[in-house]
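*Asks:* I'd like to ask you about the structure that follows.
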Amino acid sequence: MADLHWSLFHETSPYADFDPRPHPDDMQGWGWNERMFRSVIEGIRPNSICEVGTWKGASAINMARICREAGLQTKIICVDTWLGSQEHWRAGRDHDWFRSLKLRHGYPQIYFTFLANVARHEMQDMIVPLPMPSDIASEIIAAQHLSFDLIYIDAAHHYDAVLRDLRLFWPLLAAGGVLMGDDYVGWPGVTQAATAFAAEIKLPLYGE
């Protein structure tokens, strides 16, 4: 298996010559349950993590911090388009969700918020962004013969997209690895997709 490194996907480091100062400190996010992450990370001590849906990087940075505290040299690949979800675009111009896209010339700037957050927390050596849709990312990752000890899925919320992500990334899970996700409670599409996938692979579904 290839070693997970930014050079597998990028010509130069995504953080090279990047200045976080023009981007305000903004760690707004969700789904970074420290107790859950700490329990899993300390239990399996992952060498590699894939996060599908990362937004501004709060959960990835939290996982990186836990790994670093545990003395691990874990690499985390973050898959996202950084273009927002349908919930952001349909929320209305005065809604915080829509404003969080930080449109400039009609294009979201969330990717640069993510880079700035990672840089401020000095996690550039651990976190590798992969800015593309999850289906394309799964093909790119598979072509590099990568697998992950921990896969965290927190992207779309509607049934078809969640089930698709589960099916795409399950084959990329290393033996003995853990696949986990967020939004099982409160998002019916996520609940239904996770339940259907667990039945499909004939494994129990655990939640809290």
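Chain labels follow the order of the structure tokens: the first chain is A, the next B, and so on; residue numbering restarts at 1 in every chain, and ligands are counted from 1 in their shown order.
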Using DSSP on the backbone coordinates, identify the residues of range 30-206 of chain A assigned to alpha helix (DSSP H); present them as number ranges by chain.

*Replies:* A: 34-44, 58-69, 86-89, 96-99, 110-120, 134-143, 159-169, 188-201

*Asks:* If we count only C-alpha atoms, what is near Thr195 in chain A at a cut-off of 12 Å, once residues fewer than 2 positions away on the same chain are taken out, given as a tab-separated table (two decimals) with all heavy atoms, in the first residue's frame?

*Replies:*
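Okay, out05.tsv is ready:
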chain	number	residue	atom	x	y	z
A	159	TYR	N	-30.76	10.31	1.34
A	159	TYR	CA	-30.58	8.85	1.35
A	159	TYR	C	-29.64	8.35	0.25
A	159	TYR	O	-28.68	7.64	0.53
A	159	TYR	CB	-31.96	8.19	1.23
A	159	TYR	CG	-31.91	6.68	1.10
A	159	TYR	CD1	-31.80	5.88	2.23
A	159	TYR	CD2	-31.97	6.07	-0.15
A	159	TYR	CE1	-31.76	4.49	2.12
A	159	TYR	CE2	-31.92	4.69	-0.28
A	159	TYR	CZ	-31.82	3.90	0.86
A	159	TYR	OH	-31.77	2.55	0.74
A	162	VAL	N	-25.91	9.42	0.70
A	162	VAL	CA	-25.26	8.80	1.85
A	162	VAL	C	-24.97	7.33	1.57
A	162	VAL	O	-23.87	6.83	1.83
A	162	VAL	CB	-26.13	8.94	3.12
A	162	VAL	CG1	-25.48	8.21	4.30
A	162	VAL	CG2	-26.34	10.40	3.47
A	163	LEU	N	-25.96	6.63	1.01
A	163	LEU	CA	-25.76	5.22	0.70
A	163	LEU	C	-24.65	5.04	-0.34
A	163	LEU	O	-23.83	4.12	-0.25
A	163	LEU	CB	-27.07	4.61	0.19
A	163	LEU	CG	-27.07	3.10	-0.06
A	163	LEU	CD1	-26.70	2.32	1.20
A	163	LEU	CD2	-28.43	2.64	-0.58
A	166	LEU	N	-21.27	5.45	1.42
A	166	LEU	CA	-20.97	4.25	2.21
A	166	LEU	C	-20.48	3.12	1.31
A	166	LEU	O	-19.50	2.44	1.62
A	166	LEU	CB	-22.21	3.82	2.99
A	166	LEU	CG	-22.63	4.74	4.14
A	166	LEU	CD1	-24.03	4.38	4.63
A	166	LEU	CD2	-21.63	4.68	5.29
A	184	TYR	N	-26.68	10.55	12.27
A	184	TYR	CA	-27.61	9.43	12.26
A	184	TYR	C	-28.94	9.82	12.90
A	184	TYR	O	-30.00	9.39	12.46
A	184	TYR	CB	-27.00	8.24	12.99
A	184	TYR	CG	-27.88	7.01	13.01
A	184	TYR	CD1	-27.95	6.18	11.89
A	184	TYR	CD2	-28.64	6.68	14.14
A	184	TYR	CE1	-28.76	5.06	11.90
A	184	TYR	CE2	-29.44	5.56	14.15
A	184	TYR	CZ	-29.51	4.75	13.03
A	184	TYR	OH	-30.32	3.65	13.04
A	185	VAL	N	-28.86	10.65	13.93
A	185	VAL	CA	-30.06	11.15	14.60
A	185	VAL	C	-30.38	12.54	14.06
A	185	VAL	O	-29.51	13.41	14.01
A	185	VAL	CB	-29.85	11.22	16.13
A	185	VAL	CG1	-31.08	11.83	16.81
A	185	VAL	CG2	-29.56	9.83	16.69
A	188	PRO	N	-33.30	12.00	8.63
A	188	PRO	CA	-33.91	10.72	8.23
A	188	PRO	C	-33.18	10.03	7.09
A	188	PRO	O	-33.06	8.79	7.08
A	188	PRO	CB	-35.33	11.11	7.82
A	188	PRO	CG	-35.61	12.37	8.60
A	188	PRO	CD	-34.31	13.09	8.67
A	189	GLY	N	-32.68	10.79	6.12
A	189	GLY	CA	-31.98	10.18	5.00
A	189	GLY	C	-30.72	9.46	5.44
A	189	GLY	O	-30.39	8.38	4.93
A	190	VAL	N	-30.01	10.06	6.40
A	190	VAL	CA	-28.80	9.44	6.94
A	190	VAL	C	-29.16	8.18	7.72
A	190	VAL	O	-28.52	7.13	7.57
A	190	VAL	CB	-28.03	10.43	7.83
A	190	VAL	CG1	-26.80	9.76	8.45
A	190	VAL	CG2	-27.61	11.66	7.04
A	191	THR	N	-30.18	8.28	8.55
A	191	THR	CA	-30.63	7.14	9.35
A	191	THR	C	-30.99	5.96	8.46
A	191	THR	O	-30.55	4.82	8.68
A	191	THR	CB	-31.86	7.53	10.20
A	191	THR	OG1	-31.56	8.69	10.97
A	191	THR	CG2	-32.26	6.40	11.12
A	192	GLN	N	-31.79	6.23	7.43
A	192	GLN	CA	-32.25	5.17	6.54
A	192	GLN	C	-31.09	4.55	5.76
A	192	GLN	O	-31.01	3.33	5.59
A	192	GLN	CB	-33.31	5.71	5.59
A	192	GLN	CG	-34.59	6.14	6.30
A	192	GLN	CD	-35.47	7.03	5.44
A	192	GLN	OE1	-35.24	7.16	4.24
A	192	GLN	NE2	-36.46	7.65	6.06
A	193	ALA	N	-30.17	5.41	5.28
A	193	ALA	CA	-29.05	4.90	4.48
A	193	ALA	C	-28.11	4.06	5.33
A	193	ALA	O	-27.65	2.99	4.89
A	193	ALA	CB	-28.29	6.07	3.85
A	197	PHE	N	-27.41	0.15	4.72
A	197	PHE	CA	-26.07	-0.33	4.40
A	197	PHE	C	-25.61	-1.40	5.39
A	197	PHE	O	-24.98	-2.39	5.01
A	197	PHE	CB	-25.08	0.83	4.38
A	197	PHE	CG	-23.69	0.43	3.96
A	197	PHE	CD1	-23.45	0.06	2.65
A	197	PHE	CD2	-22.65	0.40	4.87
A	197	PHE	CE1	-22.18	-0.33	2.25
A	197	PHE	CE2	-21.38	0.02	4.48
A	197	PHE	CZ	-21.14	-0.35	3.16
A	198	ALA	N	-25.92	-1.20	6.66
A	198	ALA	CA	-25.56	-2.21	7.66
A	198	ALA	C	-26.21	-3.55	7.34
A	198	ALA	O	-25.58	-4.61	7.47
A	198	ALA	CB	-25.96	-1.73	9.05
A	199	ALA	N	-27.46	-3.50	6.91
A	199	ALA	CA	-28.15	-4.74	6.52
A	199	ALA	C	-27.52	-5.34	5.26
A	199	ALA	O	-27.39	-6.56	5.14
A	199	ALA	CB	-29.63	-4.46	6.29
A	200	GLU	N	-27.09	-4.46	4.35
A	200	GLU	CA	-26.49	-4.91	3.09
A	200	GLU	C	-25.19	-5.67	3.31
A	200	GLU	O	-24.93	-6.69	2.66
A	200	GLU	CB	-26.25	-3.68	2.21
A	200	GLU	CG	-25.81	-3.94	0.82
A	200	GLU	CD	-25.73	-2.65	0.00
A	200	GLU	OE1	-26.79	-2.04	-0.23
A	200	GLU	OE2	-24.61	-2.27	-0.37
A	201	ILE	N	-24.36	-5.17	4.25
A	201	ILE	CA	-23.06	-5.83	4.49
A	201	ILE	C	-23.14	-6.83	5.65
A	201	ILE	O	-22.15	-7.44	6.02
A	201	ILE	CB	-21.96	-4.80	4.77
A	201	ILE	CG1	-22.28	-3.96	6.01
A	201	ILE	CG2	-21.74	-3.90	3.54
A	201	ILE	CD1	-21.14	-3.04	6.43
A	202	LYS	N	-24.35	-6.93	6.21
A	202	LYS	CA	-24.62	-7.92	7.26
A	202	LYS	C	-23.71	-7.72	8.49
A	202	LYS	O	-23.14	-8.68	9.02
A	202	LYS	CB	-24.49	-9.35	6.72
A	202	LYS	CG	-25.48	-9.68	5.62
A	202	LYS	CD	-25.31	-11.10	5.11
A	202	LYS	CE	-26.41	-11.48	4.13
A	202	LYS	NZ	-26.49	-10.59	2.94
A	203	LEU	N	-23.64	-6.47	8.92
A	203	LEU	CA	-22.89	-6.14	10.13
A	203	LEU	C	-23.77	-5.26	11.02
A	203	LEU	O	-24.61	-4.51	10.53
A	203	LEU	CB	-21.59	-5.41	9.79
A	203	LEU	CG	-20.47	-6.26	9.18
A	203	LEU	CD1	-19.31	-5.36	8.77
A	203	LEU	CD2	-20.01	-7.33	10.15
A	204	PRO	N	-23.57	-5.33	12.34
A	204	PRO	CA	-24.38	-4.52	13.24
A	204	PRO	C	-24.04	-3.04	13.13
A	204	PRO	O	-22.91	-2.67	12.77
A	204	PRO	CB	-24.04	-5.06	14.63
A	204	PRO	CG	-22.69	-5.66	14.47
A	204	PRO	CD	-22.63	-6.21	13.07
A	205	LEU	N	-25.02	-2.21	13.44
A	205	LEU	CA	-24.85	-0.76	13.43
A	205	LEU	C	-24.85	-0.28	14.87
A	205	LEU	O	-25.77	-0.55	15.63
A	205	LEU	CB	-26.01	-0.13	12.66
A	205	LEU	CG	-26.02	1.40	12.52
A	205	LEU	CD1	-24.84	1.87	11.68
A	205	LEU	CD2	-27.34	1.84	11.87
A	206	TYR	N	-23.80	0.43	15.25
A	206	TYR	CA	-23.68	0.94	16.61
A	206	TYR	C	-23.82	2.45	16.59
A	206	TYR	O	-23.28	3.11	15.72
A	206	TYR	CB	-22.33	0.55	17.24
A	206	TYR	CG	-22.11	-0.94	17.33
A	206	TYR	CD1	-21.35	-1.61	16.37
A	206	TYR	CD2	-22.66	-1.68	18.36
A	206	TYR	CE1	-21.15	-2.97	16.44
A	206	TYR	CE2	-22.47	-3.05	18.44
A	206	TYR	CZ	-21.70	-3.69	17.47
A	206	TYR	OH	-21.51	-5.05	17.55
A	207	GLY	N	-24.51	2.99	17.58
A	207	GLY	CA	-24.69	4.45	17.64
A	207	GLY	C	-24.78	4.92	19.06
A	207	GLY	O	-24.80	4.13	20.01

*Asks:* Grab the CA of Ile49 in chain A to CA of Arg35 in chain A distance for me, in Å with one decimal place.

*Replies:*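 We find that CA of Ile49 in chain A and CA of Arg35 in chain A lie 17.0 Å from each other.
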
*Asks:* Can you check which residues of range 8-112 of chain A DSSP gives as strand (DSSP E or B) on the backbone and send them as a ChimeraX atom specification?

*Replies:* /A:48-52,75-80,104,107

*Asks:* In Å, how far is it from CA of Leu173 in chain A to CA of Phe148 in chain A?

*Replies:*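 Here the two named atoms are 5.0 Å from each other.
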
*Asks:* Could you jot down the CA of Asp182 in chain A to CA of Ile153 in chain A separation for me, Å, one decimal place?

*Replies:* 6.7 Å

*Asks:* Looking at A:Val52, A:Ala60, A:Leu72, A:Met36, which one is nearest to Ala156 in chain A, with distances taken over only C-alpha atoms?

*Replies:*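 Using only C-alpha atoms, the shortest distance to Ala156 in chain A belongs to A:Val52.
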
*Asks:* Which residues come within 12 Å of range 6-17 of chain A, counting only C-alpha atoms, excluding same-chain residues fewer than 6 positions away, as a PDB file with C-alpha atoms, in the first residue's frame?

*Replies:*
ATOM      1  CA  LYS A  75      -2.263  11.135   8.064  1.00  0.00           C
ATOM      2  CA  ILE A  76      -5.802  12.369   7.421  1.00  0.00           C
ATOM      3  CA  ILE A  77      -7.175  12.863   3.932  1.00  0.00           C
ATOM      4  CA  CYS A  78     -10.147  15.225   3.747  1.00  0.00           C
ATOM      5  CA  VAL A  79     -12.525  14.783   0.818  1.00  0.00           C
ATOM      6  CA  TYR A 111     -11.702  25.798   1.004  1.00  0.00           C
ATOM      7  CA  PHE A 112      -9.522  28.731   2.008  1.00  0.00           C
ATOM      8  CA  PHE A 114     -10.317  25.196   5.782  1.00  0.00           C
ATOM      9  CA  LEU A 115      -6.670  25.754   4.805  1.00  0.00           C
ATOM     10  CA  ALA A 116      -6.418  28.683   7.212  1.00  0.00           C
ATOM     11  CA  ASN A 117      -7.845  26.650  10.095  1.00  0.00           C
ATOM     12  CA  VAL A 118      -5.452  23.762   9.466  1.00  0.00           C
ATOM     13  CA  ALA A 119      -2.507  26.169   9.236  1.00  0.00           C
ATOM     14  CA  ARG A 120      -3.431  28.027  12.429  1.00  0.00           C
ATOM     15  CA  GLU A 122      -0.288  23.640  12.720  1.00  0.00           C
ATOM     16  CA  MET A 123      -1.700  20.405  11.330  1.00  0.00           C
ATOM     17  CA  GLN A 124      -0.361  20.810   7.777  1.00  0.00           C
ATOM     18  CA  ASP A 125       1.839  17.742   8.168  1.00  0.00           C
ATOM     19  CA  MET A 126      -1.151  15.565   9.082  1.00  0.00           C
ATOM     20  CA  ILE A 127      -4.100  16.793   6.986  1.00  0.00           C
ATOM     21  CA  VAL A 128      -4.255  16.408   3.191  1.00  0.00           C
ATOM     22  CA  PRO A 129      -7.169  18.046   1.334  1.00  0.00           C
ATOM     23  CA  LEU A 130      -8.655  16.374  -1.713  1.00  0.00           C
ATOM     24  CA  PRO A 131     -11.055  18.911  -3.275  1.00  0.00           C
ATOM     25  CA  MET A 132     -13.428  16.920  -5.436  1.00  0.00           C
ATOM     26  CA  ALA A 137     -12.191  10.909  -4.865  1.00  0.00           C
ATOM     27  CA  ILE A 140      -8.500   8.490  -7.255  1.00  0.00           C
ATOM     28  CA  ILE A 141      -7.778   7.015  -3.829  1.00  0.00           C
ATOM     29  CA  ALA A 142      -8.342   3.439  -5.011  1.00  0.00           C
ATOM     30  CA  ALA A 143      -5.968   4.034  -7.921  1.00  0.00           C
ATOM     31  CA  GLN A 144      -3.262   4.891  -5.386  1.00  0.00           C
ATOM     32  CA  HIS A 145      -3.911   1.572  -3.601  1.00  0.00           C
ATOM     33  CA  LEU A 146      -4.695   3.352  -0.341  1.00  0.00           C
TER      34      LEU A 146
END

*Asks:* Compile the contact shell of His121 in chain A as an NGL selection string: residues with an atom at most 10 Å away, counting only C-alpha atoms, same-chain residues fewer than 6 positions apart removed.

*Replies:* :A and (61-62 or 64-65)
